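Q: PDB, C-alpha atoms, pLDDT in the B column, file entry_28.pdb:
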ATOM      1  CA  MET A   3      86.869 102.610 137.487  1.00 55.00           C
ATOM      2  CA  GLN A   4      83.309 101.981 136.326  1.00 53.00           C
ATOM      3  CA  ILE A   5      83.606 104.793 133.766  1.00 53.00           C
ATOM      4  CA  ILE A   6      86.837 103.284 132.430  1.00 48.00           C
ATOM      5  CA  ALA A   7      85.236  99.839 132.231  1.00 44.00           C
ATOM      6  CA  VAL A   8      82.216 101.217 130.349  1.00 42.00           C
ATOM      7  CA  PHE A   9      84.505 103.106 127.955  1.00 40.00           C
ATOM      8  CA  TYR A  10      86.519  99.940 127.332  1.00 43.00           C
ATOM      9  CA  VAL A  11      83.380  97.931 126.595  1.00 42.00           C
ATOM     10  CA  LEU A  12      82.166 100.605 124.184  1.00 41.00           C
ATOM     11  CA  LEU A  13      85.569 100.667 122.488  1.00 44.00           C
ATOM     12  CA  LEU A  14      85.516  96.906 121.996  1.00 46.00           C
ATOM     13  CA  ALA A  15      82.013  97.169 120.573  1.00 45.00           C
ATOM     14  CA  MET A  16      83.262  99.630 117.934  1.00 72.00           C
ATOM     15  CA  LEU A  17      86.146  97.433 116.812  1.00 85.00           C
ATOM     16  CA  GLU A  18      85.634  95.480 113.614  1.00 88.00           C
ATOM     17  CA  LYS A  19      87.488  92.367 112.556  1.00 91.00           C
ATOM     18  CA  THR A  20      88.471  91.854 108.946  1.00 93.00           C
ATOM     19  CA  GLU A  21      91.085  90.359 106.672  1.00 95.00           C
ATOM     20  CA  ALA A  22      93.440  92.717 104.831  1.00 95.00           C
ATOM     21  CA  PHE A  23      96.564  92.851 102.711  1.00 96.00           C
ATOM     22  CA  VAL A  24      99.289  95.497 102.788  1.00 96.00           C
ATOM     23  CA  LEU A  25      99.631  97.859  99.842  1.00 95.00           C
ATOM     24  CA  HIS A  26     102.094 100.474 101.030  1.00 93.00           C
ATOM     25  CA  THR A  27     103.881 101.709 104.147  1.00 92.00           C
ATOM     26  CA  LEU A  28     105.281 105.185 104.775  1.00 91.00           C
ATOM     27  CA  LYS A  29     107.076 106.627 107.806  1.00 86.00           C
ATOM     28  CA  TYR A  30     104.969 109.385 109.370  1.00 84.00           C
ATOM     29  CA  GLY A  31     107.025 111.633 111.606  1.00 81.00           C
ATOM     30  CA  ASP A  32     109.458 110.031 114.029  1.00 81.00           C
ATOM     31  CA  THR A  33     107.125 107.645 115.811  1.00 84.00           C
ATOM     32  CA  LYS A  34     104.438 106.458 113.416  1.00 87.00           C
ATOM     33  CA  LEU A  35     103.762 104.629 110.167  1.00 88.00           C
ATOM     34  CA  LEU A  36     101.028 105.241 107.645  1.00 92.00           C
ATOM     35  CA  VAL A  37      99.930 101.834 106.380  1.00 93.00           C
ATOM     36  CA  ASP A  38      97.625 101.489 103.380  1.00 94.00           C
ATOM     37  CA  LEU A  39      95.607  98.274 103.612  1.00 94.00           C
ATOM     38  CA  PHE A  40      92.972  96.803 101.371  1.00 96.00           C
ATOM     39  CA  CYS A  41      90.384  95.286 103.700  1.00 94.00           C
ATOM     40  CA  ARG A  42      87.951  92.581 102.719  1.00 93.00           C
ATOM     41  CA  GLN A  43      85.023  94.392 104.335  1.00 89.00           C
ATOM     42  CA  HIS A  44      85.979  98.050 103.800  1.00 90.00           C
ATOM     43  CA  GLY A  45      88.222  98.268 100.743  1.00 91.00           C
ATOM     44  CA  TRP A  46      91.107 100.743 100.799  1.00 93.00           C
ATOM     45  CA  GLN A  47      91.872 102.197 104.241  1.00 92.00           C
ATOM     46  CA  THR A  48      94.871 104.070 105.665  1.00 92.00           C
ATOM     47  CA  PHE A  49      95.917 103.302 109.234  1.00 91.00           C
ATOM     48  CA  VAL A  50      98.215 105.083 111.679  1.00 89.00           C
ATOM     49  CA  VAL A  51     100.461 102.586 113.475  1.00 88.00           C
ATOM     50  CA  PRO A  52     103.170 103.217 116.081  1.00 84.00           C
ATOM     51  CA  LEU A  53     106.626 102.638 114.610  1.00 79.00           C
ATOM     52  CA  PRO A  54     107.955  99.256 115.839  1.00 75.00           C
ATOM     53  CA  ARG A  55     111.151  99.925 117.812  1.00 74.00           C
ATOM     54  CA  SER A  56     112.038  96.549 119.303  1.00 70.00           C
ATOM     55  CA  SER A  57     111.328  92.844 119.001  1.00 70.00           C
ATOM     56  CA  ARG A  58     108.997  93.192 121.997  1.00 73.00           C
ATOM     57  CA  SER A  59     106.815  95.718 120.245  1.00 74.00           C
ATOM     58  CA  LYS A  60     103.175  94.852 119.744  1.00 78.00           C
ATOM     59  CA  TRP A  61     103.600  95.801 116.083  1.00 81.00           C
ATOM     60  CA  LYS A  62     106.054  93.699 114.085  1.00 81.00           C
ATOM     61  CA  LYS A  63     107.903  95.162 111.104  1.00 81.00           C
ATOM     62  CA  GLN A  64     107.171  92.049 109.036  1.00 84.00           C
ATOM     63  CA  TYR A  65     103.428  92.768 109.378  1.00 88.00           C
ATOM     64  CA  PHE A  66     103.742  95.776 107.100  1.00 89.00           C
ATOM     65  CA  GLN A  67     105.731  94.374 104.181  1.00 90.00           C
ATOM     66  CA  PRO A  68     104.023  94.650 100.755  1.00 91.00           C
ATOM     67  CA  LEU A  69     101.268  92.055 100.187  1.00 94.00           C
ATOM     68  CA  THR A  70     101.430  90.701 103.746  1.00 95.00           C
ATOM     69  CA  LEU A  71      98.107  89.072 104.611  1.00 96.00           C
ATOM     70  CA  LEU A  72      96.733  90.243 107.960  1.00 95.00           C
ATOM     71  CA  TYR A  73      93.812  89.681 110.270  1.00 95.00           C
ATOM     72  CA  ILE A  74      93.058  92.999 111.954  1.00 92.00           C
ATOM     73  CA  GLU A  75      90.831  94.609 114.545  1.00 92.00           C
ATOM     74  CA  ALA A  76      90.197  98.282 113.971  1.00 88.00           C
ATOM     75  CA  ASP A  77      87.892 101.204 114.670  1.00 86.00           C
ATOM     76  CA  ILE A  78      86.992 102.087 111.074  1.00 83.00           C
ATOM     77  CA  ARG A  79      85.078 105.287 110.463  1.00 83.00           C
ATOM     78  CA  GLN A  80      84.493 106.160 106.832  1.00 75.00           C
ATOM     79  CA  GLN A  81      84.579 109.923 107.388  1.00 74.00           C
ATOM     80  CA  GLN A  82      88.122 109.795 108.800  1.00 77.00           C
ATOM     81  CA  SER A  83      91.263 109.989 106.645  1.00 80.00           C
ATOM     82  CA  PHE A  84      93.333 107.842 109.022  1.00 85.00           C
ATOM     83  CA  GLN A  85      91.945 104.826 110.855  1.00 88.00           C
ATOM     84  CA  LYS A  86      93.033 103.370 114.185  1.00 87.00           C
ATOM     85  CA  LEU A  87      94.452  99.854 114.219  1.00 88.00           C
ATOM     86  CA  ALA A  88      93.893  97.987 117.493  1.00 89.00           C
ATOM     87  CA  GLU A  89      95.329  94.537 116.673  1.00 90.00           C
ATOM     88  CA  ALA A  90      97.062  92.816 113.766  1.00 90.00           C
ATOM     89  CA  THR A  91      98.154  89.215 113.302  1.00 91.00           C
ATOM     90  CA  LEU A  92      99.401  87.285 110.318  1.00 92.00           C
ATOM     91  CA  LEU A  93      96.547  85.722 108.393  1.00 93.00           C
ATOM     92  CA  THR A  94      98.807  83.504 106.298  1.00 92.00           C
ATOM     93  CA  PRO A  95     102.626  83.485 106.549  1.00 91.00           C
ATOM     94  CA  LEU A  96     104.294  84.045 103.167  1.00 93.00           C
ATOM     95  CA  PRO A  97     107.923  83.019 103.758  1.00 91.00           C
ATOM     96  CA  SER A  98     109.041  82.499 100.169  1.00 93.00           C
ATOM     97  CA  LEU A  99     107.851  85.956  99.048  1.00 91.00           C
ATOM     98  CA  LEU A 100     110.512  87.472 101.291  1.00 86.00           C
ATOM     99  CA  THR A 101     113.341  84.983 100.719  1.00 90.00           C
ATOM    100  CA  ASP A 102     113.085  84.127  97.014  1.00 91.00           C
ATOM    101  CA  PRO A 103     114.561  87.049  94.987  1.00 90.00           C
ATOM    102  CA  THR A 104     112.360  86.373  91.960  1.00 91.00           C
ATOM    103  CA  LYS A 105     109.163  86.187  93.997  1.00 92.00           C
ATOM    104  CA  LEU A 106     110.210  89.294  95.916  1.00 91.00           C
ATOM    105  CA  ALA A 107     110.583  91.241  92.657  1.00 91.00           C
ATOM    106  CA  ILE A 108     107.178  90.009  91.472  1.00 93.00           C
ATOM    107  CA  SER A 109     105.506  90.860  94.785  1.00 93.00           C
ATOM    108  CA  LEU A 110     106.981  94.382  94.822  1.00 92.00           C
ATOM    109  CA  PHE A 111     105.672  94.961  91.300  1.00 94.00           C
ATOM    110  CA  VAL A 112     102.224  93.556  92.147  1.00 95.00           C
ATOM    111  CA  SER A 113     101.960  95.614  95.351  1.00 95.00           C
ATOM    112  CA  GLU A 114     102.951  98.836  93.545  1.00 95.00           C
ATOM    113  CA  PHE A 115     100.476  98.044  90.774  1.00 96.00           C
ATOM    114  CA  LEU A 116      97.660  97.417  93.257  1.00 96.00           C
ATOM    115  CA  TYR A 117      98.570 100.538  95.230  1.00 95.00           C
ATOM    116  CA  HIS A 118      97.683 102.644  92.199  1.00 94.00           C
ATOM    117  CA  ALA A 119      94.938 100.458  90.724  1.00 94.00           C
ATOM    118  CA  LEU A 120      92.817 100.139  93.865  1.00 93.00           C
ATOM    119  CA  ARG A 121      92.854 103.703  95.177  1.00 87.00           C
ATOM    120  CA  SER A 122      89.160 104.294  94.484  1.00 81.00           C
ATOM    121  CA  GLU A 123      87.970 100.801  95.419  1.00 85.00           C
ATOM    122  CA  GLN A 124      85.515 100.412  98.247  1.00 86.00           C
ATOM    123  CA  GLN A 125      84.330  97.033  99.542  1.00 87.00           C
ATOM    124  CA  ASN A 126      84.978  94.370  96.904  1.00 92.00           C
ATOM    125  CA  THR A 127      85.137  90.937  98.487  1.00 95.00           C
ATOM    126  CA  ALA A 128      85.552  89.116  95.176  1.00 96.00           C
ATOM    127  CA  LEU A 129      88.582  91.249  94.333  1.00 96.00           C
ATOM    128  CA  PHE A 130      90.045  90.722  97.806  1.00 96.00           C
ATOM    129  CA  ASP A 131      89.637  86.954  97.543  1.00 97.00           C
ATOM    130  CA  TYR A 132      91.234  86.939  94.094  1.00 97.00           C
ATOM    131  CA  VAL A 133      94.294  88.829  95.343  1.00 97.00           C
ATOM    132  CA  ARG A 134      94.594  86.730  98.485  1.00 97.00           C
ATOM    133  CA  ASN A 135      94.328  83.427  96.618  1.00 97.00           C
ATOM    134  CA  SER A 136      96.856  84.643  94.045  1.00 97.00           C
ATOM    135  CA  ILE A 137      99.380  85.698  96.687  1.00 96.00           C
ATOM    136  CA  GLU A 138      99.060  82.388  98.501  1.00 97.00           C
ATOM    137  CA  TRP A 139      99.453  80.474  95.236  1.00 96.00           C
ATOM    138  CA  LEU A 140     102.661  82.341  94.383  1.00 96.00           C
ATOM    139  CA  ASP A 141     104.122  81.765  97.839  1.00 95.00           C
ATOM    140  CA  GLN A 142     103.459  78.025  97.704  1.00 95.00           C
ATOM    141  CA  ARG A 143     104.725  77.505  94.151  1.00 93.00           C
ATOM    142  CA  GLU A 144     108.312  76.333  93.744  1.00 91.00           C
ATOM    143  CA  THR A 145     108.557  76.382  89.933  1.00 89.00           C
ATOM    144  CA  ASN A 146     106.672  77.493  86.809  1.00 89.00           C
ATOM    145  CA  PHE A 147     105.605  80.911  88.061  1.00 91.00           C
ATOM    146  CA  THR A 148     107.425  83.164  85.590  1.00 88.00           C
ATOM    147  CA  ASN A 149     104.166  84.244  83.933  1.00 91.00           C
ATOM    148  CA  PHE A 150     102.412  84.934  87.237  1.00 94.00           C
ATOM    149  CA  HIS A 151     102.342  88.730  86.963  1.00 94.00           C
ATOM    150  CA  LEU A 152     100.918  88.542  83.426  1.00 93.00           C
ATOM    151  CA  VAL A 153      98.059  86.244  84.407  1.00 94.00           C
ATOM    152  CA  PHE A 154      97.425  88.236  87.582  1.00 96.00           C
ATOM    153  CA  LEU A 155      97.001  91.529  85.713  1.00 95.00           C
ATOM    154  CA  MET A 156      94.949  90.036  82.890  1.00 93.00           C
ATOM    155  CA  HIS A 157      92.353  88.605  85.254  1.00 94.00           C
ATOM    156  CA  LEU A 158      92.440  91.493  87.743  1.00 96.00           C
ATOM    157  CA  SER A 159      90.668  93.613  85.117  1.00 94.00           C
ATOM    158  CA  ARG A 160      87.568  91.440  85.567  1.00 93.00           C
ATOM    159  CA  PHE A 161      87.151  92.730  89.133  1.00 95.00           C
ATOM    160  CA  LEU A 162      87.710  96.369  88.160  1.00 93.00           C
ATOM    161  CA  GLY A 163      85.098  96.429  85.421  1.00 91.00           C
ATOM    162  CA  PHE A 164      87.051  96.457  82.159  1.00 92.00           C
ATOM    163  CA  TYR A 165      87.720  92.821  81.311  1.00 92.00           C
ATOM    164  CA  PRO A 166      88.019  92.476  77.504  1.00 90.00           C
ATOM    165  CA  ASN A 167      84.955  91.340  75.593  1.00 87.00           C
ATOM    166  CA  LEU A 168      86.285  88.148  74.016  1.00 87.00           C
ATOM    167  CA  ASP A 169      82.999  87.152  72.363  1.00 87.00           C
ATOM    168  CA  ASP A 170      83.509  89.629  69.518  1.00 86.00           C
ATOM    169  CA  PHE A 171      86.811  88.144  68.375  1.00 89.00           C
ATOM    170  CA  ARG A 172      87.098  87.337  64.662  1.00 89.00           C
ATOM    171  CA  GLU A 173      90.151  86.486  62.592  1.00 91.00           C
ATOM    172  CA  GLY A 174      91.790  89.632  61.227  1.00 92.00           C
ATOM    173  CA  CYS A 175      90.130  92.034  63.679  1.00 94.00           C
ATOM    174  CA  TYR A 176      91.729  94.815  65.707  1.00 95.00           C
ATOM    175  CA  PHE A 177      91.563  95.287  69.489  1.00 95.00           C
ATOM    176  CA  ASP A 178      90.435  98.674  70.787  1.00 95.00           C
ATOM    177  CA  LEU A 179      92.261  99.176  74.094  1.00 95.00           C
ATOM    178  CA  ARG A 180      90.006 102.037  75.131  1.00 95.00           C
ATOM    179  CA  ALA A 181      86.706 100.234  74.484  1.00 94.00           C
ATOM    180  CA  ALA A 182      88.085  96.789  75.499  1.00 93.00           C
ATOM    181  CA  THR A 183      86.509  95.218  72.418  1.00 93.00           C
ATOM    182  CA  PHE A 184      87.527  93.675  69.107  1.00 94.00           C
ATOM    183  CA  CYS A 185      86.568  95.584  65.983  1.00 93.00           C
ATOM    184  CA  ALA A 186      86.653  94.949  62.213  1.00 93.00           C
ATOM    185  CA  ALA A 187      88.412  98.239  61.393  1.00 95.00           C
ATOM    186  CA  PRO A 188      90.982 100.285  63.305  1.00 95.00           C
ATOM    187  CA  PRO A 189      89.383 102.866  65.654  1.00 95.00           C
ATOM    188  CA  MET A 190      89.838 106.619  65.192  1.00 95.00           C
ATOM    189  CA  HIS A 191      92.583 106.805  67.828  1.00 95.00           C
ATOM    190  CA  ARG A 192      95.994 105.217  68.251  1.00 95.00           C
ATOM    191  CA  ASP A 193      95.292 103.008  71.273  1.00 96.00           C
ATOM    192  CA  PHE A 194      94.625  99.721  69.526  1.00 96.00           C
ATOM    193  CA  LEU A 195      96.382  96.473  68.613  1.00 96.00           C
ATOM    194  CA  MET A 196      96.945  95.241  65.096  1.00 95.00           C
ATOM    195  CA  PRO A 197      95.304  91.919  64.056  1.00 94.00           C
ATOM    196  CA  GLN A 198      98.366  89.772  64.826  1.00 92.00           C
ATOM    197  CA  GLU A 199      98.542  90.973  68.442  1.00 92.00           C
ATOM    198  CA  SER A 200      94.755  91.023  68.756  1.00 92.00           C
ATOM    199  CA  ALA A 201      94.681  87.294  68.039  1.00 90.00           C
ATOM    200  CA  ARG A 202      97.124  86.763  70.906  1.00 87.00           C
ATOM    201  CA  ILE A 203      94.858  88.682  73.316  1.00 87.00           C
ATOM    202  CA  GLN A 204      92.103  86.147  72.803  1.00 81.00           C
ATOM    203  CA  LEU A 205      94.568  83.336  73.471  1.00 80.00           C
ATOM    204  CA  MET A 206      96.403  84.927  76.405  1.00 83.00           C
ATOM    205  CA  MET A 207      93.228  85.702  78.341  1.00 85.00           C
ATOM    206  CA  ARG A 208      92.687  81.937  78.589  1.00 84.00           C
ATOM    207  CA  MET A 209      95.860  81.529  80.626  1.00 88.00           C
ATOM    208  CA  ASN A 210      95.502  80.745  84.315  1.00 92.00           C
ATOM    209  CA  TYR A 211      97.927  79.809  87.075  1.00 93.00           C
ATOM    210  CA  ALA A 212      97.557  76.095  86.421  1.00 91.00           C
ATOM    211  CA  THR A 213      98.214  76.288  82.669  1.00 90.00           C
ATOM    212  CA  MET A 214     100.446  79.341  82.237  1.00 90.00           C
ATOM    213  CA  HIS A 215     103.674  77.280  82.174  1.00 87.00           C
ATOM    214  CA  LEU A 216     102.434  75.680  78.943  1.00 87.00           C
ATOM    215  CA  PHE A 217     102.672  79.019  77.124  1.00 85.00           C
ATOM    216  CA  ARG A 218     106.192  79.414  75.729  1.00 84.00           C
ATOM    217  CA  LEU A 219     107.043  83.096  76.115  1.00 86.00           C
ATOM    218  CA  ASN A 220     110.483  84.599  75.695  1.00 87.00           C
ATOM    219  CA  HIS A 221     111.871  87.770  77.260  1.00 86.00           C
ATOM    220  CA  ALA A 222     110.609  90.000  74.438  1.00 89.00           C
ATOM    221  CA  ASP A 223     107.130  88.414  74.578  1.00 89.00           C
ATOM    222  CA  ARG A 224     106.767  89.062  78.300  1.00 88.00           C
ATOM    223  CA  ASN A 225     107.969  92.637  78.009  1.00 90.00           C
ATOM    224  CA  ARG A 226     105.551  93.364  75.185  1.00 91.00           C
ATOM    225  CA  ILE A 227     102.633  91.833  77.094  1.00 91.00           C
ATOM    226  CA  ILE A 228     103.396  93.822  80.252  1.00 91.00           C
ATOM    227  CA  GLU A 229     103.782  96.973  78.137  1.00 92.00           C
ATOM    228  CA  VAL A 230     100.328  96.449  76.619  1.00 94.00           C
ATOM    229  CA  LEU A 231      98.785  95.577  79.983  1.00 94.00           C
ATOM    230  CA  THR A 232     100.138  98.673  81.743  1.00 94.00           C
ATOM    231  CA  LEU A 233      98.908 100.846  78.847  1.00 94.00           C
ATOM    232  CA  TYR A 234      95.517  99.149  79.057  1.00 95.00           C
ATOM    233  CA  TYR A 235      95.215  99.915  82.776  1.00 95.00           C
ATOM    234  CA  ARG A 236      96.470 103.457  82.271  1.00 95.00           C
ATOM    235  CA  LEU A 237      93.676 104.061  79.747  1.00 95.00           C
ATOM    236  CA  HIS A 238      90.997 102.791  82.129  1.00 95.00           C
ATOM    237  CA  LEU A 239      92.247 104.157  85.458  1.00 93.00           C
ATOM    238  CA  PRO A 240      92.683 107.940  85.789  1.00 84.00           C
ATOM    239  CA  GLN A 241      96.145 109.141  86.842  1.00 87.00           C
ATOM    240  CA  PHE A 242      97.707 105.678  86.748  1.00 92.00           C
ATOM    241  CA  PRO A 243     101.465 106.485  86.792  1.00 92.00           C
ATOM    242  CA  GLU A 244     104.644 104.939  85.472  1.00 90.00           C
ATOM    243  CA  LEU A 245     105.682 102.130  87.828  1.00 91.00           C
ATOM    244  CA  HIS A 246     109.119 102.266  89.479  1.00 90.00           C
ATOM    245  CA  SER A 247     109.307  98.480  89.842  1.00 90.00           C
ATOM    246  CA  LEU A 248     108.532  97.734  86.189  1.00 87.00           C
ATOM    247  CA  PRO A 249     112.113  98.075  84.795  1.00 87.00           C
ATOM    248  CA  VAL A 250     113.365  95.578  87.393  1.00 83.00           C
ATOM    249  CA  LEU A 251     110.684  93.100  86.399  1.00 83.00           C
ATOM    250  CA  GLN A 252     111.415  93.571  82.708  1.00 80.00           C
ATOM    251  CA  GLU A 253     115.034  92.595  83.283  1.00 80.00           C
ATOM    252  CA  LEU A 254     114.174  89.616  85.450  1.00 74.00           C
ATOM    253  CA  PHE A 255     113.036  86.809  83.145  1.00 65.00           C
ATOM    254  CA  ARG A 256     115.552  86.532  80.316  1.00 60.00           C
TER     255      ARG A 256
END
Rewrite the coordinates I just gave you, this time as structure tokens.
A:
Amino acid sequence: MQIIAVFYVLLLAMLEKTEAFVLHTLKYGDTKLLVDLFCRQHGWQTFVVPLPRSSRSKWKKQYFQPLTLLYIEADIRQQQSFQKLAEATLLTPLPSLLTDPTKLAISLFVSEFLYHALRSEQQNTALFDYVRNSIEWLDQRETNFTNFHLVFLMHLSRFLGFYPNLDDFREGCYFDLRAATFCAAPPMHRDFLMPQESARIQLMMRMNYATMHLFRLNHADRNRIIEVLTLYYRLHLPQFPELHSLPVLQELFR
């Protein structure tokens, strides 16, 4: 009994507590789930979790929905591919993200985007806080959130190291998507925006959640912006794929 007690104390000592949000969940065999979480203290981590089989299960299915905010206890060892999750509780309930069809479509797109964009990210508390605050804002908002995904992606680039250099903007300049800068002449490659769209970049990057409803964008505008944004990320993040949820989002806001 003493050996068991000592082992239990040592196990508790190894457990770390951290906030996290869910990126992706995949069934692993017949009895387990692989859950990709982005943790505030450890960045991207993959956990093995027993498959919830009843309402009495310690692990609730709703814990592992995309973008769910969790407070976890885990034995995290950086040399291991799969981590062990000891406890998980809801950090902040997000009821409207699961019940509002529009918010659900946005959250599925955002979670798929983050799943690919954050794969190489280690600890990044500023990024974690940005995502958490954004998710909570979307859940609490009842109206005027149709531009949420645009603002979210535009400002996410700041935390990944390729936020556009807006100081170099001049009337009539081009925007080099690869270099993330404005330039007086078109670059020697095809990944750039013409002056008319370049001028909009400088304006759009000033949007935030509080003011985005003031920007009058139609269906074509939103689709063009998301097309440019996904290209921009694809140029700066190796192996960033086509997103399955993007066509649904493009049809959403007509």
Q: Please report the interatomic distance between CA of His246 (chain A) and CA of Tyr211 (chain A) in Å with one decimal.
A: 25.2 Å
Q: Could you state the separation of CA of Asp141 (chain A) and CA of Leu129 (chain A) in Å, given to one decimal place?
A: 18.5 Å
Q: Quick one: residues within 10 Å of Arg172 (chain A), all atoms listed in the file, excluding same-chain residues fewer than 4 positions away - as a list of chain:residue names?
A: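 The filter keeps A:Leu168, A:Tyr176, A:Phe184, A:Cys185, A:Ala186, A:Pro197, A:Ser200, A:Ala201, A:Gln204.
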Q: Could you tell me, as an NGL selection string, which residues have any atom at most 12 Å from (90.8, 99.3, 81.6), counting only C-alpha atoms?
A: :A and (119 or 155-167 or 178-183 or 193 or 230-240 or 242)
Q: Kindly save the residues from that selection, with C-alpha atoms included, as a PDB file, in the frame of the given file.
A:
ATOM      1  CA  ALA A 119      94.938 100.458  90.724  1.00 94.00           C
ATOM      2  CA  LEU A 155      97.001  91.529  85.713  1.00 95.00           C
ATOM      3  CA  MET A 156      94.949  90.036  82.890  1.00 93.00           C
ATOM      4  CA  HIS A 157      92.353  88.605  85.254  1.00 94.00           C
ATOM      5  CA  LEU A 158      92.440  91.493  87.743  1.00 96.00           C
ATOM      6  CA  SER A 159      90.668  93.613  85.117  1.00 94.00           C
ATOM      7  CA  ARG A 160      87.568  91.440  85.567  1.00 93.00           C
ATOM      8  CA  PHE A 161      87.151  92.730  89.133  1.00 95.00           C
ATOM      9  CA  LEU A 162      87.710  96.369  88.160  1.00 93.00           C
ATOM     10  CA  GLY A 163      85.098  96.429  85.421  1.00 91.00           C
ATOM     11  CA  PHE A 164      87.051  96.457  82.159  1.00 92.00           C
ATOM     12  CA  TYR A 165      87.720  92.821  81.311  1.00 92.00           C
ATOM     13  CA  PRO A 166      88.019  92.476  77.504  1.00 90.00           C
ATOM     14  CA  ASN A 167      84.955  91.340  75.593  1.00 87.00           C
ATOM     15  CA  ASP A 178      90.435  98.674  70.787  1.00 95.00           C
ATOM     16  CA  LEU A 179      92.261  99.176  74.094  1.00 95.00           C
ATOM     17  CA  ARG A 180      90.006 102.037  75.131  1.00 95.00           C
ATOM     18  CA  ALA A 181      86.706 100.234  74.484  1.00 94.00           C
ATOM     19  CA  ALA A 182      88.085  96.789  75.499  1.00 93.00           C
ATOM     20  CA  THR A 183      86.509  95.218  72.418  1.00 93.00           C
ATOM     21  CA  ASP A 193      95.292 103.008  71.273  1.00 96.00           C
ATOM     22  CA  VAL A 230     100.328  96.449  76.619  1.00 94.00           C
ATOM     23  CA  LEU A 231      98.785  95.577  79.983  1.00 94.00           C
ATOM     24  CA  THR A 232     100.138  98.673  81.743  1.00 94.00           C
ATOM     25  CA  LEU A 233      98.908 100.846  78.847  1.00 94.00           C
ATOM     26  CA  TYR A 234      95.517  99.149  79.057  1.00 95.00           C
ATOM     27  CA  TYR A 235      95.215  99.915  82.776  1.00 95.00           C
ATOM     28  CA  ARG A 236      96.470 103.457  82.271  1.00 95.00           C
ATOM     29  CA  LEU A 237      93.676 104.061  79.747  1.00 95.00           C
ATOM     30  CA  HIS A 238      90.997 102.791  82.129  1.00 95.00           C
ATOM     31  CA  LEU A 239      92.247 104.157  85.458  1.00 93.00           C
ATOM     32  CA  PRO A 240      92.683 107.940  85.789  1.00 84.00           C
ATOM     33  CA  PHE A 242      97.707 105.678  86.748  1.00 92.00           C
TER      34      PHE A 242
END
Q: Apply the PyMOL selection byres ((chain A and resi 61-65) around 10) to the file shown and report the selected residues as a list in words.
A: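 For this structure, the PyMOL selection byres ((chain A and resi 61-65) around 10) captures Phe23, Val24, Val51, Pro52, Leu53, Pro54, Arg55, Ser56, Ser57, Arg58, Ser59, Lys60, Phe66, Gln67, Pro68, Leu69, Thr70, Leu71, Leu72, Glu89, Ala90, Thr91, Leu92, Leu93, Pro95 and Leu100 of chain A.
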Q: Just to be explicit: take each residue in the selection above, keep C-alpha atoms, and write the result as a CSV table (one decimal), in the coordinates of the input.
A:
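Listed below is the output, result10.csv:
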chain,number,residue,atom,x,y,z
A,23,PHE,CA,96.6,92.9,102.7
A,24,VAL,CA,99.3,95.5,102.8
A,51,VAL,CA,100.5,102.6,113.5
A,52,PRO,CA,103.2,103.2,116.1
A,53,LEU,CA,106.6,102.6,114.6
A,54,PRO,CA,108.0,99.3,115.8
A,55,ARG,CA,111.2,99.9,117.8
A,56,SER,CA,112.0,96.5,119.3
A,57,SER,CA,111.3,92.8,119.0
A,58,ARG,CA,109.0,93.2,122.0
A,59,SER,CA,106.8,95.7,120.2
A,60,LYS,CA,103.2,94.9,119.7
A,66,PHE,CA,103.7,95.8,107.1
A,67,GLN,CA,105.7,94.4,104.2
A,68,PRO,CA,104.0,94.6,100.8
A,69,LEU,CA,101.3,92.1,100.2
A,70,THR,CA,101.4,90.7,103.7
A,71,LEU,CA,98.1,89.1,104.6
A,72,LEU,CA,96.7,90.2,108.0
A,89,GLU,CA,95.3,94.5,116.7
A,90,ALA,CA,97.1,92.8,113.8
A,91,THR,CA,98.2,89.2,113.3
A,92,LEU,CA,99.4,87.3,110.3
A,93,LEU,CA,96.5,85.7,108.4
A,95,PRO,CA,102.6,83.5,106.5
A,100,LEU,CA,110.5,87.5,101.3
Q: Name the closest residue to Ala76 (chain A) among the candidates A:Leu17, A:Val50, A:Leu35, A:Ala128; distances are taken between atoms, counting all atoms listed in the file.
A: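 Ranking A:Leu17, A:Val50, A:Leu35, A:Ala128 by distance to Ala76 (chain A), first place goes to A:Leu17.
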Q: Do you know which residues lie at most 8 Å from (88.3, 96.4, 111.9), with coordinates as in the file and all atoms listed in the file counted, and could you write them as a ChimeraX atom specification?
A: /A:17-20,74-78,87
Q: What gap, in Å, lies between CA of Phe130 (chain A) and CA of Leu251 (chain A)?
A: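 Rounded to one decimal, the two atoms are 23.7 Å apart.
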Q: For region 116-118 of chain A, list every protein, DNA or RNA residue within 8 Å, evaluated using all atoms listed in the file, and leave out those in the same chain fewer than 4 positions away; present the list as JSON, numbers by chain.
A: {"A": [25, 26, 112, 242, 243]}
Q: Considering all atoms listed in the file, can you say which of A:Gln252, A:Ser247, A:Gln198, A:Gln47 comes closest to His221 (chain A)?
A: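 Nearest candidate to His221 (chain A) out of A:Gln252, A:Ser247, A:Gln198, A:Gln47: A:Gln252.
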Q: Starting from the shown file, work through the PyMOL selection byres ((chain A and resi 102-109) around 10) and note down what comes out as number ranges by chain.
A: A: 68-70, 97-101, 110-115, 137, 140-141, 143-144, 147-151, 247-248, 250-251, 254-255
